[in-house]
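structure-v6.txt (compact mmCIF, C-alpha atoms and all ligand atoms) appears below.
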# COMPACT_ATOMS: atom_id res chain seq x y z
CA MET A 1 13.04 15.44 -7.17
CA GLN A 2 13.21 14.12 -10.72
CA HIS A 3 16.70 15.54 -11.22
CA ARG A 4 17.86 14.04 -7.92
CA ALA A 5 16.34 10.70 -8.88
CA MET A 6 17.99 10.67 -12.32
CA ALA A 7 21.38 11.47 -10.78
CA LEU A 8 20.95 8.64 -8.27
CA LYS A 9 19.96 6.22 -11.01
CA ARG A 10 23.01 7.21 -13.10
CA LYS A 11 25.17 6.29 -10.11
CA GLY A 12 23.53 2.87 -10.06
CA GLN A 13 21.68 3.42 -6.80
CA VAL A 14 18.56 1.35 -6.14
CA VAL A 15 15.72 3.73 -5.34
CA GLY A 16 12.72 2.64 -3.26
CA VAL A 17 9.59 4.67 -2.62
CA VAL A 18 6.72 4.47 -0.14
CA PRO A 19 3.84 6.66 -1.34
CA THR A 20 1.71 8.07 1.51
CA MET A 21 -0.77 10.80 2.31
CA GLY A 22 1.16 11.60 5.49
CA PHE A 23 -0.01 11.67 9.11
CA LEU A 24 2.26 8.68 9.41
CA HIS A 25 1.60 5.71 11.68
CA GLU A 26 3.16 2.32 12.32
CA GLY A 27 1.54 0.95 9.13
CA HIS A 28 3.51 3.43 7.04
CA LEU A 29 6.66 2.83 9.09
CA SER A 30 6.42 -0.92 8.47
CA LEU A 31 6.37 -0.25 4.71
CA MET A 32 9.45 1.96 5.12
CA ARG A 33 11.29 -0.86 6.90
CA ILE A 34 10.40 -3.27 4.08
CA ALA A 35 11.65 -0.77 1.49
CA ARG A 36 14.78 0.12 3.50
CA GLN A 37 15.99 -3.49 3.31
CA ARG A 38 15.74 -3.55 -0.46
CA CYS A 39 17.06 -0.18 -1.63
CA ASP A 40 20.02 2.19 -1.34
CA VAL A 41 17.97 5.36 -1.36
CA LEU A 42 14.62 5.44 0.39
CA VAL A 43 12.14 8.09 -0.73
CA ILE A 44 8.86 8.79 1.06
CA SER A 45 6.23 10.82 -0.67
CA ILE A 46 3.71 12.76 1.36
CA PHE A 47 0.87 14.12 -0.71
CA VAL A 48 -2.83 14.38 0.08
CA ASN A 49 -3.89 13.88 -3.51
CA PRO A 50 -6.94 16.01 -4.39
CA ALA A 51 -7.63 13.91 -7.50
CA GLN A 52 -8.58 10.85 -5.46
CA PHE A 53 -11.10 12.61 -3.22
CA GLY A 54 -14.74 12.97 -4.24
CA ALA A 55 -16.56 16.29 -3.94
CA ASN A 56 -18.17 15.36 -0.60
CA GLU A 57 -15.16 13.61 0.88
CA ASP A 58 -12.67 14.66 3.55
CA LEU A 59 -9.93 16.35 1.47
CA GLU A 60 -9.87 19.51 3.61
CA ALA A 61 -10.31 17.69 6.92
CA TYR A 62 -7.73 14.98 6.17
CA PRO A 63 -5.20 15.09 9.06
CA ARG A 64 -1.85 16.68 8.27
CA ASP A 65 1.26 17.17 10.43
CA PHE A 66 4.34 17.58 8.29
CA GLU A 67 6.77 18.31 11.12
CA ARG A 68 5.84 15.14 12.93
CA ASP A 69 5.98 13.14 9.68
CA GLU A 70 9.41 14.54 8.89
CA ARG A 71 10.68 13.55 12.34
CA LEU A 72 9.33 10.02 11.95
CA CYS A 73 10.93 9.75 8.50
CA ARG A 74 14.27 10.87 9.91
CA GLN A 75 14.04 8.26 12.68
CA ALA A 76 13.16 5.60 10.11
CA GLY A 77 16.27 6.34 8.06
CA VAL A 78 14.46 7.88 5.11
CA ASP A 79 16.84 9.63 2.67
CA LEU A 80 14.43 11.93 0.88
CA VAL A 81 10.93 13.18 1.66
CA PHE A 82 9.04 14.26 -1.45
CA TYR A 83 6.40 16.71 -0.27
CA PRO A 84 4.92 18.54 -3.25
CA ASP A 85 2.03 20.97 -3.12
CA PRO A 86 -1.05 20.31 -5.27
CA ALA A 87 -0.35 23.22 -7.63
CA SER A 88 3.07 21.83 -8.55
CA MET A 89 1.65 18.33 -9.08
CA TYR A 90 -1.30 19.32 -11.27
CA ALA A 91 -1.29 22.00 -13.94
CA ALA A 92 -4.51 23.99 -13.80
CA ASP A 93 -5.42 22.62 -17.24
CA ALA A 94 -4.16 19.05 -16.69
CA SER A 95 -6.06 16.80 -19.08
CA VAL A 96 -4.34 13.40 -19.11
CA TRP A 97 -5.41 10.76 -16.60
CA VAL A 98 -4.72 7.08 -15.99
CA ASP A 99 -7.88 5.01 -15.87
CA GLU A 100 -7.93 1.35 -14.88
CA GLU A 101 -11.07 -0.16 -16.35
CA SER A 102 -11.51 -3.61 -14.87
CA LEU A 103 -10.60 -3.83 -11.19
CA SER A 104 -11.79 -0.32 -10.34
CA GLY A 105 -15.52 -0.92 -10.75
CA VAL A 106 -16.07 -2.90 -7.54
CA LEU A 107 -15.58 -2.37 -3.78
CA CYS A 108 -14.28 1.17 -3.05
CA GLY A 109 -14.36 2.00 -6.76
CA ALA A 110 -18.13 1.49 -6.78
CA SER A 111 -18.73 3.76 -3.78
CA ARG A 112 -16.04 6.30 -4.69
CA PRO A 113 -16.37 7.06 -8.43
CA GLY A 114 -13.14 8.50 -9.87
CA HIS A 115 -11.13 7.53 -6.80
CA PHE A 116 -8.87 5.02 -8.55
CA ARG A 117 -8.41 7.28 -11.55
CA GLY A 118 -6.98 9.78 -9.09
CA VAL A 119 -4.86 7.11 -7.42
CA CYS A 120 -3.49 5.67 -10.68
CA THR A 121 -2.73 9.10 -12.08
CA VAL A 122 -0.85 10.30 -9.02
CA VAL A 123 1.10 7.05 -8.67
CA ALA A 124 2.03 7.13 -12.38
CA LYS A 125 3.22 10.72 -11.94
CA LEU A 126 5.10 9.77 -8.79
CA PHE A 127 6.84 6.91 -10.60
CA ASN A 128 7.91 9.30 -13.35
CA ILE A 129 9.17 11.83 -10.84
CA VAL A 130 10.90 9.51 -8.33
CA GLN A 131 11.94 6.86 -10.88
CA PRO A 132 11.90 4.12 -8.22
CA ASP A 133 13.14 0.58 -8.75
CA LEU A 134 10.62 -0.58 -6.19
CA ALA A 135 7.55 0.77 -4.45
CA VAL A 136 5.91 -0.64 -1.33
CA PHE A 137 2.12 -0.57 -0.89
CA GLY A 138 0.06 -1.87 2.03
CA GLU A 139 -2.41 -4.75 1.90
CA LYS A 140 -4.72 -2.58 4.01
CA ASP A 141 -5.80 -1.07 0.67
CA ALA A 142 -6.22 -4.42 -1.07
CA GLN A 143 -7.97 -3.07 -4.15
CA GLN A 144 -5.53 -0.19 -4.59
CA LEU A 145 -2.61 -2.62 -4.43
CA ARG A 146 -4.03 -4.83 -7.16
CA ILE A 147 -4.89 -1.86 -9.36
CA ILE A 148 -1.37 -0.47 -9.03
CA GLU A 149 0.07 -3.91 -9.87
CA ARG A 150 -2.19 -4.00 -12.96
CA MET A 151 -1.14 -0.48 -13.98
CA VAL A 152 2.54 -1.39 -13.67
CA ARG A 153 1.96 -4.50 -15.78
CA ASP A 154 -0.20 -2.86 -18.44
CA LEU A 155 1.85 0.34 -18.82
CA ASN A 156 5.26 -1.35 -18.42
CA PHE A 157 6.48 0.73 -15.53
CA PRO A 158 9.98 -0.54 -14.62
CA VAL A 159 8.98 -0.72 -10.96
CA THR A 160 8.70 -3.76 -8.68
CA ILE A 161 5.62 -3.53 -6.45
CA VAL A 162 6.17 -4.99 -2.99
CA ARG A 163 3.24 -5.83 -0.72
CA GLY A 164 3.33 -4.96 3.00
CA PRO A 165 1.03 -6.74 5.47
CA ILE A 166 -1.71 -4.89 7.40
CA VAL A 167 -0.47 -3.41 10.68
CA ARG A 168 -3.01 -3.28 13.49
CA GLU A 169 -3.42 -1.55 16.84
CA THR A 170 -3.04 -3.87 19.86
CA ASP A 171 -6.82 -4.40 19.93
CA GLY A 172 -6.83 -5.33 16.24
CA LEU A 173 -8.11 -2.15 14.58
CA ALA A 174 -6.30 -1.68 11.27
CA MET A 175 -4.12 1.41 11.55
CA SER A 176 -5.31 4.35 9.47
CA SER A 177 -4.75 8.10 9.49
CA ARG A 178 -8.56 8.37 9.56
CA ASN A 179 -8.75 6.64 12.97
CA ARG A 180 -7.89 10.10 14.26
CA TYR A 181 -11.48 11.19 13.48
CA LEU A 182 -13.00 8.64 15.89
CA SER A 183 -14.37 9.63 19.30
CA VAL A 184 -13.65 7.34 22.27
CA SER A 185 -16.93 5.46 21.85
CA GLN A 186 -16.59 5.31 18.04
CA ARG A 187 -13.10 3.90 18.52
CA LYS A 188 -14.73 0.93 20.31
CA ASP A 189 -17.47 0.68 17.67
CA ALA A 190 -14.76 0.51 14.98
CA LEU A 191 -13.76 -2.92 16.25
CA CYS A 192 -16.84 -4.27 14.44
CA LEU A 193 -14.86 -4.39 11.17
CA GLN A 194 -12.19 -6.77 12.37
CA ASN A 195 -14.74 -8.72 14.43
CA ALA A 196 -16.75 -9.34 11.27
CA LEU A 197 -13.63 -10.54 9.44
CA ALA A 198 -12.76 -12.79 12.40
CA GLN A 199 -16.27 -14.28 12.27
CA ALA A 200 -15.80 -14.95 8.55
CA ARG A 201 -12.52 -16.69 9.24
CA VAL A 202 -14.08 -18.92 11.92
CA LEU A 203 -17.01 -19.84 9.68
CA VAL A 204 -14.67 -20.79 6.84
CA GLN A 205 -12.54 -22.85 9.25
CA GLU A 206 -15.71 -24.64 10.34
CA GLY A 207 -16.39 -25.54 6.71
CA GLU A 208 -18.86 -22.85 5.63
CA ARG A 209 -18.34 -21.99 1.95
CA ASP A 210 -21.52 -20.07 1.09
CA VAL A 211 -20.68 -16.37 0.86
CA SER A 212 -24.27 -15.28 1.45
CA VAL A 213 -24.33 -17.13 4.79
CA ILE A 214 -20.99 -15.67 5.87
CA SER A 215 -21.83 -12.12 4.85
CA GLU A 216 -25.19 -12.32 6.65
CA VAL A 217 -23.42 -13.18 9.90
CA MET A 218 -20.98 -10.29 9.34
CA ARG A 219 -23.79 -7.91 8.45
CA SER A 220 -25.87 -8.65 11.54
CA GLY A 221 -22.81 -8.22 13.80
CA ILE A 222 -22.09 -4.79 12.33
CA GLU A 223 -25.73 -3.72 12.28
CA ALA A 224 -25.84 -4.36 16.05
CA VAL A 225 -23.46 -1.40 16.46
CA PRO A 226 -25.71 1.72 16.48
CA ASP A 227 -23.15 4.13 14.99
CA ALA A 228 -22.05 1.75 12.21
CA GLN A 229 -23.38 1.90 8.68
CA ILE A 230 -22.25 -0.67 6.12
CA ASP A 231 -20.99 0.64 2.79
CA TYR A 232 -20.13 -2.83 1.46
CA ILE A 233 -19.23 -6.36 2.51
CA GLU A 234 -17.80 -8.26 -0.47
CA PHE A 235 -15.99 -11.47 -1.23
CA VAL A 236 -13.78 -11.23 -4.29
CA ASP A 237 -11.20 -13.35 -6.08
CA ASP A 238 -7.70 -12.51 -4.85
CA ASP A 239 -6.38 -11.88 -8.39
CA THR A 240 -9.28 -10.60 -10.45
CA LEU A 241 -11.45 -9.03 -7.71
CA ALA A 242 -14.40 -10.82 -9.35
CA PRO A 243 -17.29 -11.36 -6.87
CA MET A 244 -17.38 -14.90 -5.44
CA GLU A 245 -20.47 -16.84 -4.38
CA ARG A 246 -18.46 -19.55 -2.68
CA ILE A 247 -15.16 -19.57 -0.83
CA GLU A 248 -12.89 -21.39 -3.26
CA GLY A 249 -9.15 -20.85 -3.65
CA ARG A 250 -7.98 -17.46 -2.44
CA VAL A 251 -10.80 -15.06 -1.63
CA VAL A 252 -10.46 -11.57 -0.19
CA ALA A 253 -13.19 -10.60 2.27
CA ALA A 254 -13.34 -6.80 2.10
CA LEU A 255 -15.57 -4.33 3.86
CA ALA A 256 -16.13 -0.62 4.21
CA VAL A 257 -18.13 0.67 7.15
CA ARG A 258 -18.97 4.18 8.24
CA ILE A 259 -18.52 4.78 11.95
CA GLY A 260 -20.40 8.04 12.34
CA ALA A 261 -18.95 10.16 9.51
CA THR A 262 -15.69 8.18 9.28
CA ARG A 263 -15.41 5.61 6.53
CA LEU A 264 -13.11 2.74 7.48
CA ILE A 265 -11.97 -0.22 5.39
CA ASP A 266 -10.45 -3.58 6.28
CA ASN A 267 -9.93 -6.94 4.61
CA ALA A 268 -8.75 -10.49 5.16
CA LEU A 269 -7.56 -13.24 2.87
CA LEU A 270 -9.60 -16.43 3.19
CA GLU A 271 -7.85 -19.45 1.73
CA VAL A 272 -9.21 -22.98 1.33
P1 LIG A 301 -2.24 6.34 3.04
O1 LIG A 301 -1.31 7.33 3.67
O2 LIG A 301 -3.40 5.97 3.93
O3 LIG A 301 -2.61 6.70 1.64
O4 LIG A 301 -1.42 4.99 2.93
C1 LIG A 301 -0.16 4.95 2.31
C2 LIG A 301 0.28 3.53 2.19
O5 LIG A 301 0.33 2.93 3.48
C3 LIG A 301 -0.65 2.66 1.35
O6 LIG A 301 0.11 1.74 0.59
C4 LIG A 301 -1.46 1.95 2.39
O7 LIG A 301 -1.97 0.70 1.95
C5 LIG A 301 -0.44 1.76 3.47
N1 LIG A 301 -1.08 1.56 4.77
C6 LIG A 301 -1.99 2.37 5.37
N2 LIG A 301 -2.40 1.83 6.53
C7 LIG A 301 -1.74 0.65 6.67
C8 LIG A 301 -1.74 -0.38 7.64
N3 LIG A 301 -2.50 -0.31 8.74
N4 LIG A 301 -0.92 -1.45 7.45
C9 LIG A 301 -0.16 -1.53 6.34
N5 LIG A 301 -0.12 -0.59 5.38
C10 LIG A 301 -0.89 0.49 5.54
Encoded form using structure tokens:
Amino acid sequence: MQHRAMALKRKGQVVGVVPTMGFLHEGHLSLMRIARQRCDVLVISIFVNPAQFGANEDLEAYPRDFERDERLCRQAGVDLVFYPDPASMYAADASVWVDEESLSGVLCGASRPGHFRGVCTVVAKLFNIVQPDLAVFGEKDAQQLRIIERMVRDLNFPVTIVRGPIVRETDGLAMSSRNRYLSVSQRKDALCLQNALAQARVLVQEGERDVSVISEVMRSGIEAVPDAQIDYIEFVDDDTLAPMERIEGRVVAALAVRIGATRLIDNALLEV
């Protein structure tokens, strides 16, 4: 892949990449369309990255279907699919990691220690291998996006990070490969995430600025769903991810909720 990428770059081709863990859905495809418009050569990486999963997380169970992914990539006009196996990505005695130290401590970083170290390391490796001019990441993973932008800034990666909006199912559930884990009734319960964000939006529109009031309304809505267990509901500054007590400027409302054993995340930008 690296040799191919270097040859393409020598020819002056603009290379775009969309990093994924596979089991592709319309969210991924939307990022591919964004990238396709901006590059000559579109690369998709498919890699379920062991380094970003905790010991008790769903690394083994994570859904995989390479043949289907490959077909979807072909239909989407992807030029190259980079599909490494874990042993070729990580030497058994790998000992260098990329650690972001400011934005990674909150939200998912607080509940998933080491997760963003795994993410930053694999994305840094991917950038060195694919040598992209641009990379598209989804706003679904709001914290990840900001951490990658910080990594690119702080380590001078010559890569433009492009943000892709959250793609939702027709009933509003944010698309995720993990939605596959949900039973029929859990699938309905999962709507509590976006409902909570919608409630937050309405309250802010009505003039409410106190984060504790808004999060209490969100919390009680989610707690009314028997199978739902809140991991976090947070309001953070759009740039710094610093916790906010009031809605001022651009604030990201972010939440993680377990529906049964499935941990789902969602977020919305609140702007006043
Ligand atoms: P994943 O395969 O879940 O690691 O996601 C790969 C990329 O797709 C990340 O940049 C995600 O933020 C993005 N992504 C996942 N789900 C969605 C979605 N529903 N809408 C937009 N982007 C998404």
At a cut-off of 6 Å and counting all atoms listed in the file, what residues surround ligand LIG 301 (chain A)? Please answer as a ChimeraX atom specification. /A:19-22,27-28,137-141,164-168,174-176
Which neighbours of Asp237 of chain A fall inside 10 Å, counting all atoms listed in the file, when residues of the same chain fewer than 2 positions from it are skipped, and could you give them as a CSV table (one decimal) with C-alpha atoms, in the coordinates of the input?
chain,number,residue,atom,x,y,z
A,235,PHE,CA,-16.0,-11.5,-1.2
A,239,ASP,CA,-6.4,-11.9,-8.4
A,240,THR,CA,-9.3,-10.6,-10.4
A,241,LEU,CA,-11.4,-9.0,-7.7
A,242,ALA,CA,-14.4,-10.8,-9.4
A,243,PRO,CA,-17.3,-11.4,-6.9
A,244,MET,CA,-17.4,-14.9,-5.4
A,247,ILE,CA,-15.2,-19.6,-0.8
A,248,GLU,CA,-12.9,-21.4,-3.3
A,249,GLY,CA,-9.2,-20.8,-3.6
A,250,ARG,CA,-8.0,-17.5,-2.4
A,251,VAL,CA,-10.8,-15.1,-1.6
A,252,VAL,CA,-10.5,-11.6,-0.2
A,253,ALA,CA,-13.2,-10.6,2.3
A,269,LEU,CA,-7.6,-13.2,2.9
A,270,LEU,CA,-9.6,-16.4,3.2
Work out where the centre of an axis-aligned box around every listed atom of segment 215-226 of chain A lies and how long its edges are once 5 Å is added on each side; give both in Å to one decimal as lines of an AutoDock Vina configuration file.
center_x = -23.4
center_y = -5.7
center_z = 10.7
size_x = 14.9
size_y = 24.9
size_z = 21.6
With all atoms listed in the file as the basis for distance, which of A:Ala7, A:Asp40, A:Ala51, A:Ile148 is at the shortest distance from Ala87 of chain A? A:Ala51
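Candidate residues A:Leu29, A:Val17, A:Met89, A:Met151 were compared for distance to Phe116 of chain A, and the nearest is A:Met151, using all atoms listed in the file.
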Enter the distance from atom CA of Ala61 of chain A to atom CA of Asp79 of chain A, in Å, rounded to one decimal.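 Calculated distance between atom CA of Ala61 of chain A and atom CA of Asp79 of chain A is 28.6 Å.
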To one decimal in Å, tell me the separation between atom CA of Cys39 of chain A and atom CA of Gln143 of chain A.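 Separating atom CA of Cys39 of chain A from atom CA of Gln143 of chain A is a distance of 25.3 Å.
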Name all residues at most 9 Å from segment 182-189 of chain A (count only C-alpha atoms; drop same-chain ones fewer than 5 positions away) and give them as a count of residues only. 10
Could you give me, as a list of chain:residue names, the residues that sit within 10 Å of (10.3, 7.9, -11.6) in the file's coordinates, counting all atoms listed in the file?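 Applying the cut-off with all atoms listed in the file, one gets A:Met1, A:Gln2, A:His3, A:Ala5, A:Met6, A:Lys9, A:Val15, A:Val17, A:Val123, A:Ala124, A:Lys125, A:Leu126, A:Phe127, A:Asn128, A:Ile129, A:Val130, A:Gln131, A:Pro132, A:Asp133, A:Phe157, A:Pro158, A:Val159.
Atom pair atom CA of Val119 of chain A / atom CA of Gln52 of chain A has a distance of 5.6 Å (rounded to one decimal).
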Give me the residues near segment 201-207 of chain A as a PyMOL selection string, where near means some atom within 10 Å (using all atoms listed in the file) and where sequence neighbours in that chain fewer than 4 positions away do not count. chain A and resi 195-197+211+213-214+217+247+253+268-272
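Taking all atoms listed in the file, the non-local environment of segment 63-70 of chain A within 9 Å (same-chain residues fewer than 3 positions away omitted) comprises Met21, Gly22, Phe23, Leu24, His25, Ile46, Val48, Glu60, Cys73, Arg74, Gln75, Val81, Tyr83, Ser177, Arg178, Arg180 and Tyr181 of chain A.
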For C-alpha atoms, I'd like the residues from the last selection saved as a PDB file, keeping the file's coordinate frame.
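Output saved as result_1.pdb:
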ATOM      1  CA  MET A  21      -0.770  10.800   2.310  1.00  0.00           C
ATOM      2  CA  GLY A  22       1.160  11.600   5.490  1.00  0.00           C
ATOM      3  CA  PHE A  23      -0.010  11.670   9.110  1.00  0.00           C
ATOM      4  CA  LEU A  24       2.260   8.680   9.410  1.00  0.00           C
ATOM      5  CA  HIS A  25       1.600   5.710  11.680  1.00  0.00           C
ATOM      6  CA  ILE A  46       3.710  12.760   1.360  1.00  0.00           C
ATOM      7  CA  VAL A  48      -2.830  14.380   0.080  1.00  0.00           C
ATOM      8  CA  GLU A  60      -9.870  19.510   3.610  1.00  0.00           C
ATOM      9  CA  CYS A  73      10.930   9.750   8.500  1.00  0.00           C
ATOM     10  CA  ARG A  74      14.270  10.870   9.910  1.00  0.00           C
ATOM     11  CA  GLN A  75      14.040   8.260  12.680  1.00  0.00           C
ATOM     12  CA  VAL A  81      10.930  13.180   1.660  1.00  0.00           C
ATOM     13  CA  TYR A  83       6.400  16.710  -0.270  1.00  0.00           C
ATOM     14  CA  SER A 177      -4.750   8.100   9.490  1.00  0.00           C
ATOM     15  CA  ARG A 178      -8.560   8.370   9.560  1.00  0.00           C
ATOM     16  CA  ARG A 180      -7.890  10.100  14.260  1.00  0.00           C
ATOM     17  CA  TYR A 181     -11.480  11.190  13.480  1.00  0.00           C
TER      18      TYR A 181
END
Anything within 12 Å of (14.5, -0.3, 0.0): list those residues as JSON, numbers by chain, counting only C-alpha atoms and sticking to the file's coordinates. {"A": [13, 14, 15, 16, 17, 18, 30, 31, 32, 33, 34, 35, 36, 37, 38, 39, 40, 41, 42, 43, 44, 76, 77, 78, 79, 132, 133, 134, 135, 136, 160, 161, 162]}
For Ile230 of chain A, which of A:Ser215, A:Ala256, A:Arg246, A:Arg209 is the closest residue, counting only C-alpha atoms?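 That would be A:Ala256, the residue with the smallest distance to Ile230 of chain A.
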